[in-house]
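Coordinates as given in protein.tsv (TSV, N, CA and C atoms and all ligand atoms):
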```tsv
chain	number	residue	atom	x	y	z
A	1	MET	N	-14.53	-9.86	10.48
A	1	MET	CA	-13.57	-10.39	11.47
A	1	MET	C	-12.16	-9.94	11.14
A	2	ALA	N	-11.79	-10.11	9.88
A	2	ALA	CA	-10.45	-9.68	9.48
A	2	ALA	C	-10.29	-8.19	9.75
A	3	HIS	N	-11.38	-7.46	9.53
A	3	HIS	CA	-11.34	-6.02	9.73
A	3	HIS	C	-11.12	-5.69	11.21
A	4	LEU	N	-11.91	-6.39	12.05
A	4	LEU	CA	-11.79	-6.18	13.49
A	4	LEU	C	-10.35	-6.47	13.92
A	5	LEU	N	-9.82	-7.58	13.41
A	5	LEU	CA	-8.45	-7.95	13.75
A	5	LEU	C	-7.49	-6.85	13.36
A	6	SER	N	-7.71	-6.28	12.18
A	6	SER	CA	-6.75	-5.27	11.74
A	6	SER	C	-6.88	-4.02	12.60
A	7	ILE	N	-8.08	-3.75	13.09
A	7	ILE	CA	-8.24	-2.60	13.99
A	7	ILE	C	-7.47	-2.87	15.28
A	8	LEU	N	-7.65	-4.08	15.80
A	8	LEU	CA	-6.97	-4.45	17.04
A	8	LEU	C	-5.45	-4.37	16.84
A	9	THR	N	-5.00	-4.89	15.70
A	9	THR	CA	-3.57	-4.87	15.43
A	9	THR	C	-3.08	-3.44	15.35
A	10	SER	N	-3.83	-2.58	14.66
A	10	SER	CA	-3.40	-1.19	14.55
A	10	SER	C	-3.33	-0.56	15.92
A	11	ALA	N	-4.31	-0.85	16.75
A	11	ALA	CA	-4.35	-0.24	18.07
A	11	ALA	C	-3.13	-0.67	18.88
A	12	SER	N	-2.79	-1.96	18.85
A	12	SER	CA	-1.65	-2.39	19.65
A	12	SER	C	-0.35	-1.88	19.06
A	13	LEU	N	-0.29	-1.79	17.72
A	13	LEU	CA	0.91	-1.25	17.09
A	13	LEU	C	1.07	0.23	17.44
A	14	ALA	N	-0.07	0.92	17.56
A	14	ALA	CA	-0.02	2.35	17.86
A	14	ALA	C	0.67	2.58	19.20
A	15	ILE	N	0.46	1.67	20.12
A	15	ILE	CA	1.09	1.80	21.44
A	15	ILE	C	2.60	1.63	21.30
A	16	VAL	N	3.01	0.63	20.55
A	16	VAL	CA	4.43	0.40	20.30
A	16	VAL	C	5.02	1.63	19.61
A	17	PHE	N	4.29	2.07	18.60
A	17	PHE	CA	4.65	3.22	17.76
A	17	PHE	C	5.02	4.43	18.62
A	18	ALA	N	4.19	4.72	19.60
A	18	ALA	CA	4.37	5.91	20.41
A	18	ALA	C	5.68	5.88	21.20
A	19	SER	N	6.20	4.68	21.45
A	19	SER	CA	7.38	4.58	22.30
A	19	SER	C	8.67	4.40	21.51
A	20	LEU	N	8.59	4.52	20.18
A	20	LEU	CA	9.78	4.28	19.37
A	20	LEU	C	10.41	5.59	18.89
A	21	PRO	N	11.73	5.58	18.65
A	21	PRO	CA	12.39	6.76	18.07
A	21	PRO	C	11.94	7.00	16.63
A	22	ALA	N	12.18	8.23	16.13
A	22	ALA	CA	11.61	8.65	14.85
A	22	ALA	C	11.92	7.72	13.69
A	23	GLY	N	13.15	7.25	13.59
A	23	GLY	CA	13.53	6.39	12.46
A	23	GLY	C	12.69	5.14	12.41
A	24	ALA	N	12.45	4.57	13.57
A	24	ALA	CA	11.69	3.33	13.63
A	24	ALA	C	10.22	3.57	13.32
A	25	GLN	N	9.74	4.79	13.56
A	25	GLN	CA	8.32	5.06	13.33
A	25	GLN	C	7.94	4.91	11.87
A	26	ALA	N	8.82	5.38	10.98
A	26	ALA	CA	8.52	5.29	9.56
A	26	ALA	C	8.32	3.83	9.17
A	27	SER	N	9.18	2.95	9.65
A	27	SER	CA	9.06	1.57	9.23
A	27	SER	C	7.87	0.90	9.91
A	28	ARG	N	7.52	1.35	11.11
A	28	ARG	CA	6.29	0.86	11.74
A	28	ARG	C	5.09	1.20	10.86
A	29	ALA	N	5.06	2.43	10.38
A	29	ALA	CA	3.96	2.85	9.52
A	29	ALA	C	3.91	1.97	8.28
A	30	ALA	N	5.10	1.71	7.70
A	30	ALA	CA	5.15	0.87	6.50
A	30	ALA	C	4.66	-0.54	6.82
A	31	GLU	N	5.03	-1.05	7.98
A	31	GLU	CA	4.56	-2.38	8.38
A	31	GLU	C	3.05	-2.41	8.52
A	32	ARG	N	2.52	-1.36	9.11
A	32	ARG	CA	1.06	-1.30	9.24
A	32	ARG	C	0.42	-1.21	7.86
A	33	GLY	N	1.03	-0.42	6.97
A	33	GLY	CA	0.50	-0.29	5.61
A	33	GLY	C	0.53	-1.63	4.89
A	34	HIS	N	1.62	-2.36	5.08
A	34	HIS	CA	1.75	-3.69	4.48
A	34	HIS	C	0.65	-4.61	5.01
A	35	ALA	N	0.42	-4.56	6.32
A	35	ALA	CA	-0.61	-5.40	6.93
A	35	ALA	C	-1.99	-5.00	6.41
A	36	TYR	N	-2.22	-3.71	6.30
A	36	TYR	CA	-3.51	-3.22	5.80
A	36	TYR	C	-3.72	-3.69	4.37
A	37	ALA	N	-2.67	-3.57	3.56
A	37	ALA	CA	-2.76	-3.99	2.16
A	37	ALA	C	-3.02	-5.50	2.07
A	38	SER	N	-2.34	-6.28	2.91
A	38	SER	CA	-2.55	-7.73	2.88
A	38	SER	C	-4.00	-8.05	3.22
A	39	ALA	N	-4.58	-7.30	4.13
A	39	ALA	CA	-5.95	-7.58	4.56
A	39	ALA	C	-6.98	-7.06	3.56
A	40	HIS	N	-6.71	-5.92	2.91
A	40	HIS	CA	-7.76	-5.25	2.14
A	40	HIS	C	-7.53	-5.21	0.64
A	41	CYS	N	-6.32	-5.37	0.20
A	41	CYS	CA	-6.02	-5.16	-1.21
A	41	CYS	C	-5.52	-6.42	-1.91
A	42	ALA	N	-5.11	-7.42	-1.12
A	42	ALA	CA	-4.40	-8.56	-1.70
A	42	ALA	C	-5.32	-9.51	-2.49
A	43	ASP	N	-6.63	-9.31	-2.40
A	43	ASP	CA	-7.53	-10.11	-3.24
A	43	ASP	C	-7.22	-9.86	-4.72
A	44	CYS	N	-6.88	-8.63	-5.05
A	44	CYS	CA	-6.66	-8.27	-6.45
A	44	CYS	C	-5.21	-7.92	-6.75
A	45	HIS	N	-4.52	-7.32	-5.77
A	45	HIS	CA	-3.16	-6.84	-6.01
A	45	HIS	C	-2.15	-7.75	-5.31
A	46	VAL	N	-1.00	-7.97	-5.94
A	46	VAL	CA	0.13	-8.53	-5.20
A	46	VAL	C	0.72	-7.37	-4.42
A	47	VAL	N	0.73	-7.48	-3.09
A	47	VAL	CA	1.15	-6.33	-2.29
A	47	VAL	C	2.57	-6.48	-1.76
A	48	GLU	N	3.22	-7.61	-2.06
A	48	GLU	CA	4.57	-7.85	-1.52
A	48	GLU	C	5.61	-7.05	-2.29
A	49	GLN	N	6.77	-6.91	-1.65
A	49	GLN	CA	7.88	-6.15	-2.23
A	49	GLN	C	8.54	-6.93	-3.37
A	50	GLY	N	8.86	-6.21	-4.45
A	50	GLY	CA	9.68	-6.80	-5.49
A	50	GLY	C	8.99	-7.81	-6.39
A	51	VAL	N	7.64	-7.79	-6.43
A	51	VAL	CA	6.93	-8.74	-7.29
A	51	VAL	C	6.28	-7.98	-8.44
A	52	PRO	N	6.63	-8.31	-9.68
A	52	PRO	CA	5.99	-7.65	-10.82
A	52	PRO	C	4.54	-8.12	-10.97
A	53	THR	N	3.77	-7.40	-11.77
A	53	THR	CA	2.38	-7.78	-11.99
A	53	THR	C	2.32	-9.16	-12.66
A	54	PRO	N	1.61	-10.11	-12.06
A	54	PRO	CA	1.48	-11.43	-12.70
A	54	PRO	C	0.76	-11.29	-14.03
A	55	ALA	N	1.13	-12.12	-15.01
A	55	ALA	CA	0.63	-11.98	-16.37
A	55	ALA	C	-0.89	-12.06	-16.45
A	56	ASN	N	-1.51	-12.86	-15.60
A	56	ASN	CA	-2.96	-13.06	-15.69
A	56	ASN	C	-3.75	-12.12	-14.79
A	57	ASN	N	-3.10	-11.03	-14.33
A	57	ASN	CA	-3.75	-10.14	-13.37
A	57	ASN	C	-4.14	-8.82	-14.02
A	58	THR	N	-5.36	-8.32	-13.74
A	58	THR	CA	-5.71	-7.00	-14.26
A	58	THR	C	-5.23	-5.91	-13.32
A	59	ALA	N	-5.10	-6.21	-12.05
A	59	ALA	CA	-4.63	-5.20	-11.11
A	59	ALA	C	-3.11	-5.24	-11.04
A	60	PRO	N	-2.47	-4.08	-11.21
A	60	PRO	CA	-0.99	-4.05	-11.15
A	60	PRO	C	-0.49	-4.40	-9.75
A	61	SER	N	0.66	-5.03	-9.66
A	61	SER	CA	1.23	-5.33	-8.34
A	61	SER	C	1.64	-4.00	-7.69
A	62	PHE	N	1.68	-4.00	-6.37
A	62	PHE	CA	2.02	-2.76	-5.68
A	62	PHE	C	3.45	-2.32	-6.02
A	63	SER	N	4.34	-3.28	-6.23
A	63	SER	CA	5.71	-2.90	-6.62
A	63	SER	C	5.70	-2.22	-7.98
A	64	ALA	N	4.85	-2.76	-8.89
A	64	ALA	CA	4.77	-2.16	-10.22
A	64	ALA	C	4.19	-0.75	-10.12
A	65	ILE	N	3.18	-0.56	-9.27
A	65	ILE	CA	2.60	0.77	-9.08
A	65	ILE	C	3.67	1.72	-8.54
A	66	ALA	N	4.40	1.24	-7.54
A	66	ALA	CA	5.42	2.10	-6.92
A	66	ALA	C	6.50	2.48	-7.93
A	67	ALA	N	6.77	1.59	-8.88
A	67	ALA	CA	7.83	1.83	-9.85
A	67	ALA	C	7.36	2.68	-11.02
A	68	THR	N	6.05	2.93	-11.10
A	68	THR	CA	5.53	3.71	-12.22
A	68	THR	C	5.89	5.18	-12.05
A	69	ARG	N	6.47	5.73	-13.13
A	69	ARG	CA	6.82	7.15	-13.11
A	69	ARG	C	5.56	7.98	-12.83
A	70	GLY	N	5.68	8.95	-11.98
A	70	GLY	CA	4.53	9.81	-11.70
A	70	GLY	C	3.64	9.30	-10.59
A	71	MET	N	3.84	8.03	-10.17
A	71	MET	CA	3.05	7.49	-9.08
A	71	MET	C	3.68	7.89	-7.75
A	72	THR	N	3.64	9.19	-7.52
A	72	THR	CA	4.16	9.73	-6.27
A	72	THR	C	3.16	9.46	-5.16
A	73	SER	N	3.55	9.73	-3.94
A	73	SER	CA	2.62	9.59	-2.83
A	73	SER	C	1.37	10.42	-3.08
A	74	MET	N	1.58	11.60	-3.69
A	74	MET	CA	0.44	12.47	-3.94
A	74	MET	C	-0.52	11.83	-4.94
A	75	ALA	N	0.05	11.24	-5.98
A	75	ALA	CA	-0.80	10.62	-7.00
A	75	ALA	C	-1.54	9.42	-6.42
A	76	ILE	N	-0.86	8.63	-5.61
A	76	ILE	CA	-1.50	7.46	-5.02
A	76	ILE	C	-2.59	7.90	-4.05
A	77	ASN	N	-2.28	8.93	-3.28
A	77	ASN	CA	-3.28	9.43	-2.34
A	77	ASN	C	-4.52	9.94	-3.09
A	78	ALA	N	-4.28	10.58	-4.24
A	78	ALA	CA	-5.40	11.06	-5.04
A	78	ALA	C	-6.24	9.87	-5.53
A	79	TRP	N	-5.55	8.79	-5.88
A	79	TRP	CA	-6.24	7.58	-6.32
A	79	TRP	C	-7.15	7.05	-5.21
A	80	PHE	N	-6.67	7.12	-3.99
A	80	PHE	CA	-7.44	6.60	-2.85
A	80	PHE	C	-8.78	7.31	-2.69
A	81	VAL	N	-8.81	8.58	-3.04
A	81	VAL	CA	-10.03	9.34	-2.77
A	81	VAL	C	-10.82	9.63	-4.05
A	82	SER	N	-10.47	8.96	-5.15
A	82	SER	CA	-11.22	9.19	-6.39
A	82	SER	C	-12.04	7.96	-6.75
A	83	ASN	N	-12.83	8.09	-7.80
A	83	ASN	CA	-13.66	6.97	-8.24
A	83	ASN	C	-12.92	6.12	-9.26
A	84	HIS	N	-13.11	4.81	-9.18
A	84	HIS	CA	-12.44	3.91	-10.12
A	84	HIS	C	-13.48	3.11	-10.88
A	85	ARG	N	-13.10	2.74	-12.08
A	85	ARG	CA	-13.99	1.93	-12.88
A	85	ARG	C	-13.87	0.45	-12.52
A	86	ASN	N	-12.63	-0.03	-12.42
A	86	ASN	CA	-12.41	-1.48	-12.26
A	86	ASN	C	-12.03	-1.90	-10.85
A	87	MET	N	-11.96	-0.94	-9.97
A	87	MET	CA	-11.56	-1.25	-8.61
A	87	MET	C	-12.62	-0.68	-7.69
A	88	PRO	N	-12.93	-1.40	-6.61
A	88	PRO	CA	-13.95	-0.87	-5.70
A	88	PRO	C	-13.54	0.50	-5.16
A	89	ASN	N	-14.51	1.37	-4.91
A	89	ASN	CA	-14.21	2.67	-4.31
A	89	ASN	C	-14.16	2.53	-2.80
A	90	PHE	N	-12.98	2.28	-2.31
A	90	PHE	CA	-12.81	2.10	-0.88
A	90	PHE	C	-12.91	3.43	-0.17
A	91	ILE	N	-13.35	3.37	1.06
A	91	ILE	CA	-13.17	4.51	1.95
A	91	ILE	C	-12.04	4.09	2.89
A	92	ILE	N	-10.87	4.60	2.65
A	92	ILE	CA	-9.74	4.22	3.50
A	92	ILE	C	-9.53	5.34	4.52
A	93	PRO	N	-9.60	5.01	5.80
A	93	PRO	CA	-9.38	6.05	6.83
A	93	PRO	C	-8.02	6.71	6.63
A	94	GLU	N	-7.94	7.99	6.96
A	94	GLU	CA	-6.74	8.76	6.65
A	94	GLU	C	-5.47	8.12	7.23
A	95	ARG	N	-5.56	7.67	8.46
A	95	ARG	CA	-4.41	7.02	9.10
A	95	ARG	C	-3.91	5.84	8.28
A	96	ASP	N	-4.87	5.03	7.80
A	96	ASP	CA	-4.49	3.86	7.02
A	96	ASP	C	-3.91	4.28	5.67
A	97	ARG	N	-4.42	5.38	5.13
A	97	ARG	CA	-3.85	5.89	3.87
A	97	ARG	C	-2.39	6.25	4.08
A	98	GLU	N	-2.11	6.91	5.20
A	98	GLU	CA	-0.71	7.29	5.48
A	98	GLU	C	0.16	6.05	5.61
A	99	ASP	N	-0.37	5.03	6.28
A	99	ASP	CA	0.41	3.79	6.42
A	99	ASP	C	0.64	3.14	5.06
A	100	LEU	N	-0.40	3.13	4.24
A	100	LEU	CA	-0.26	2.55	2.90
A	100	LEU	C	0.80	3.31	2.10
A	101	LEU	N	0.77	4.63	2.21
A	101	LEU	CA	1.76	5.43	1.47
A	101	LEU	C	3.16	5.13	1.97
A	102	ALA	N	3.29	4.87	3.27
A	102	ALA	CA	4.60	4.51	3.81
A	102	ALA	C	5.06	3.18	3.21
A	103	TRP	N	4.12	2.26	3.02
A	103	TRP	CA	4.47	0.97	2.41
A	103	TRP	C	4.86	1.17	0.94
A	104	PHE	N	4.10	2.00	0.23
A	104	PHE	CA	4.46	2.28	-1.17
A	104	PHE	C	5.84	2.93	-1.24
A	105	ALA	N	6.17	3.77	-0.25
A	105	ALA	CA	7.47	4.42	-0.25
A	105	ALA	C	8.58	3.39	-0.11
A	106	VAL	N	8.35	2.38	0.73
A	106	VAL	CA	9.33	1.30	0.88
A	106	VAL	C	9.49	0.56	-0.45
A	107	LEU	N	8.37	0.27	-1.11
A	107	LEU	CA	8.42	-0.43	-2.39
A	107	LEU	C	9.18	0.40	-3.42
A	108	ARG	N	8.94	1.71	-3.38
A	108	ARG	CA	9.59	2.61	-4.34
A	108	ARG	C	11.10	2.62	-4.11
A	109	GLU	N	11.51	2.70	-2.85
A	109	GLU	CA	12.94	2.67	-2.52
A	109	GLU	C	13.56	1.37	-2.99
A	110	GLY	N	12.88	0.26	-2.75
A	110	GLY	CA	13.39	-1.05	-3.16
A	110	GLY	C	13.61	-1.08	-4.65
A	111	HIS	N	12.69	-0.46	-5.38
A	111	HIS	CA	12.80	-0.43	-6.83
A	111	HIS	C	14.02	0.37	-7.27
A	112	LYS	N	14.20	1.54	-6.65
A	112	LYS	CA	15.35	2.39	-7.00
A	112	LYS	C	16.64	1.64	-6.77
A	113	GLN	N	16.71	0.92	-5.64
A	113	GLN	CA	17.95	0.20	-5.34
A	113	GLN	C	18.19	-0.90	-6.37
A	114	ALA	N	17.12	-1.56	-6.79
A	114	ALA	CA	17.27	-2.62	-7.78
A	114	ALA	C	17.74	-2.01	-9.11
A	115	ASP	N	17.25	-0.78	-9.38
A	115	ASP	CA	17.57	-0.12	-10.63
A	115	ASP	C	19.02	0.31	-10.71
A	116	ASN	N	19.49	0.98	-9.68
A	116	ASN	CA	20.89	1.39	-9.69
A	116	ASN	C	21.55	1.01	-8.38
A	117	PRO	N	22.42	0.05	-8.48
A	117	PRO	CA	23.00	-0.59	-7.30
A	117	PRO	C	24.04	0.24	-6.55
A	118	HIS	N	24.04	1.57	-6.71
A	118	HIS	CA	25.02	2.38	-5.99
A	118	HIS	C	24.57	2.67	-4.57
B	201	LIG	C1	-11.57	-6.00	-6.37
B	201	LIG	C2	-10.21	-5.88	-6.82
B	201	LIG	C3	-9.32	-4.79	-6.19
B	201	LIG	C4	-9.08	-4.55	-4.86
B	201	LIG	C5	-9.64	-5.29	-3.66
B	201	LIG	C6	-8.14	-3.44	-4.81
B	201	LIG	N1	-7.82	-3.03	-6.07
B	201	LIG	FE1	-6.53	-1.51	-6.57
B	201	LIG	N2	-6.91	-1.84	-8.54
B	201	LIG	C7	-7.71	-2.85	-9.06
B	201	LIG	C8	-7.66	-2.80	-10.51
B	201	LIG	C9	-8.39	-3.75	-11.46
B	201	LIG	C10	-6.80	-1.74	-10.84
B	201	LIG	C11	-6.39	-1.27	-12.24
B	201	LIG	C12	-6.86	0.12	-12.52
B	201	LIG	C13	-8.26	0.18	-12.98
B	201	LIG	O1	-8.49	-0.20	-14.12
B	201	LIG	O2	-9.15	0.66	-12.23
B	201	LIG	C14	-6.35	-1.15	-9.58
B	201	LIG	C15	-5.48	-0.05	-9.48
B	201	LIG	C16	-4.97	0.47	-8.31
B	201	LIG	C17	-4.07	1.61	-8.22
B	201	LIG	C18	-3.61	2.51	-9.37
B	201	LIG	C19	-2.65	1.86	-10.29
B	201	LIG	C20	-2.32	2.79	-11.46
B	201	LIG	O3	-1.24	2.59	-12.01
B	201	LIG	O4	-3.12	3.67	-11.80
B	201	LIG	C21	-3.78	1.79	-6.90
B	201	LIG	C22	-2.87	2.86	-6.28
B	201	LIG	C23	-4.50	0.76	-6.16
B	201	LIG	N3	-5.20	-0.02	-7.05
B	201	LIG	C24	-4.47	0.61	-4.80
B	201	LIG	C25	-5.25	-0.28	-4.09
B	201	LIG	C26	-5.27	-0.37	-2.64
B	201	LIG	C27	-4.41	0.49	-1.70
B	201	LIG	C28	-6.16	-1.35	-2.32
B	201	LIG	C29	-6.56	-1.81	-0.92
B	201	LIG	C30	-7.05	-0.78	0.00
B	201	LIG	C31	-6.70	-1.88	-3.56
B	201	LIG	N4	-6.12	-1.21	-4.60
B	201	LIG	C32	-7.64	-2.89	-3.64
B	201	LIG	C33	-8.44	-3.77	-8.33
B	201	LIG	C34	-8.52	-3.84	-6.95
```

So that I can check it, write out the structure of this file as C-alpha cells.
Amino acid sequence: MAHLLSILTSASLAIVFASLPAGAQASRAAERGHAYASAHCADCHVVEQGVPTPANNTAPSFSAIAATRGMTSMAINAWFVSNHRNMPNFIIPERDREDLLAWFAVLREGHKQADNPH
C-alpha cells in the first residue's frame, strides 16, 4: 500500500514537475527523493536533514552519509546497484535513484553550509 501510494505520489508530482522552471525541478526531485527515502529507507536510516547517526543505530543517517568524504553521487549510485551484507539489496528504479541522489545532494549542501558559514 505504501508503495502504491508512493507511485501515485510520484505520478502526480511528475505532472507538477513538467510545468516548473529548471531551478524548481531540482528541488522537486529532492522532495521526491526525500519522500522515497521516508517510505523505503527510514526503517533503518534517519533520512532527515541535519541529523547525525543515532548512537544505537547500525545504519548511518543520510546526513552522515552525505557528509562522508568520497560519498559522491557516483559512489552512492554505485552503492544502489551493488550487493550489501547488512542492508537489503534493493532494486531501486532509475528514476527513484536520481531523486534519491538529488536528496543526498541537498543533504550534502546543508552539511557544507554548516561547516563553513560563508
Ligand atoms: C533493513 C535496514 C536498511 C534499510 C531498509 C536501508 N538500509 Fe541503507 N544501510 C543499512 C545498513 C545496516 C548500512 C551500513 C552498511 C552496511 O554495513 O551494509 C546501510 C548503508 C547504506 C549506505 C552506504 C553508507 C556508507 O557509508 O557506505 C547507503 C548509501 C544506503 N544505506 C542507502 C539506503 C537507501 C537509499 C535506502 C532506501 C532505498 C536504504 N539504505 C535502506 C541498512 C538499511

**Study point:** Distance filter 5 Å around ligand LIG 201 (chain B), atoms: only N, CA and C atoms and all ligand atoms, out as a PyMOL selection string
**Key:** chain A and resi 40-41+44+58-60+76+85-88

Point to revise | Closest of A:Asn89, A:Ser82, A:Ser38, A:Ser73 to A:Ala102 - atom-to-atom distances counting only N, CA and C atoms | key: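 Answer, going by the shortest atom-to-atom distance: A:Ser73.
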
**Study point:** Nearest to A:Arg95, chosen from A:Pro54, A:Gly110, A:Gly70, A:Gly33, with only C-alpha atoms counted in the distances
**Key:**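 Between A:Pro54, A:Gly110, A:Gly70, A:Gly33, the residue approaching A:Arg95 most closely is A:Gly33.
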
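Residues in contact with A:Pro52 at up to 7 Å, not including ones fewer than 3 positions away on its chain and judged by all atoms listed in the file, are Gln49, Ala55, Pro60, Ser61, Phe62, Ser63 and Ala64 of chain A.
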
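Between atom C of A:Gly50 and atom CA of A:Ala35 the separation is 16.6 Å.
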
Point to revise | Coordinates-based distance that separates atom CA of A:Val46 from atom N of A:His34 (Å, one decimal) | key: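 Going from atom N of A:His34 over to atom CA of A:Val46, I get 12.1 Å.
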
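Separating atom N of A:Arg108 from atom N of A:Ala37 is a distance of 14.5 Å.
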
Exercise for review: List every protein, DNA or RNA residue that has an atom no more than 6 Å from (3.2, 7.6, 8.7) in the file's coordinate frame, counting all atoms listed in the file, and report them as a VMD selection string.
Suggested key: chain A and resid 26 29 98 to 99 102

**Study point:** Nearest candidate to A:Lys112 (options A:Leu100, A:Met74, A:Ala30, A:Ala66; using only N, CA and C atoms)
**Key:**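 Ranked by minimum distance to A:Lys112, first place goes to A:Ala66.
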
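For the residues A:Leu101, A:Ala67, A:Val51, A:Leu107, ranking by smallest atom-to-atom distance to A:Phe80 using only C-alpha atoms places A:Leu101 first.
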
Check your understanding: Could you write out, as a PyMOL selection string, all the residues of stretch 13-116 of chain A that DSSP marks as helix (DSSP H, G or I)?
Key -> chain A and resi 13-18+22-40+62-67+73-80+94-115

Review point. Closest to A:Glu31 among A:Asp43, A:Ala105, A:Ala78, A:Glu94, using only C-alpha atoms?
Key: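 Between A:Asp43, A:Ala105, A:Ala78, A:Glu94, the residue approaching A:Glu31 most closely is A:Ala105.
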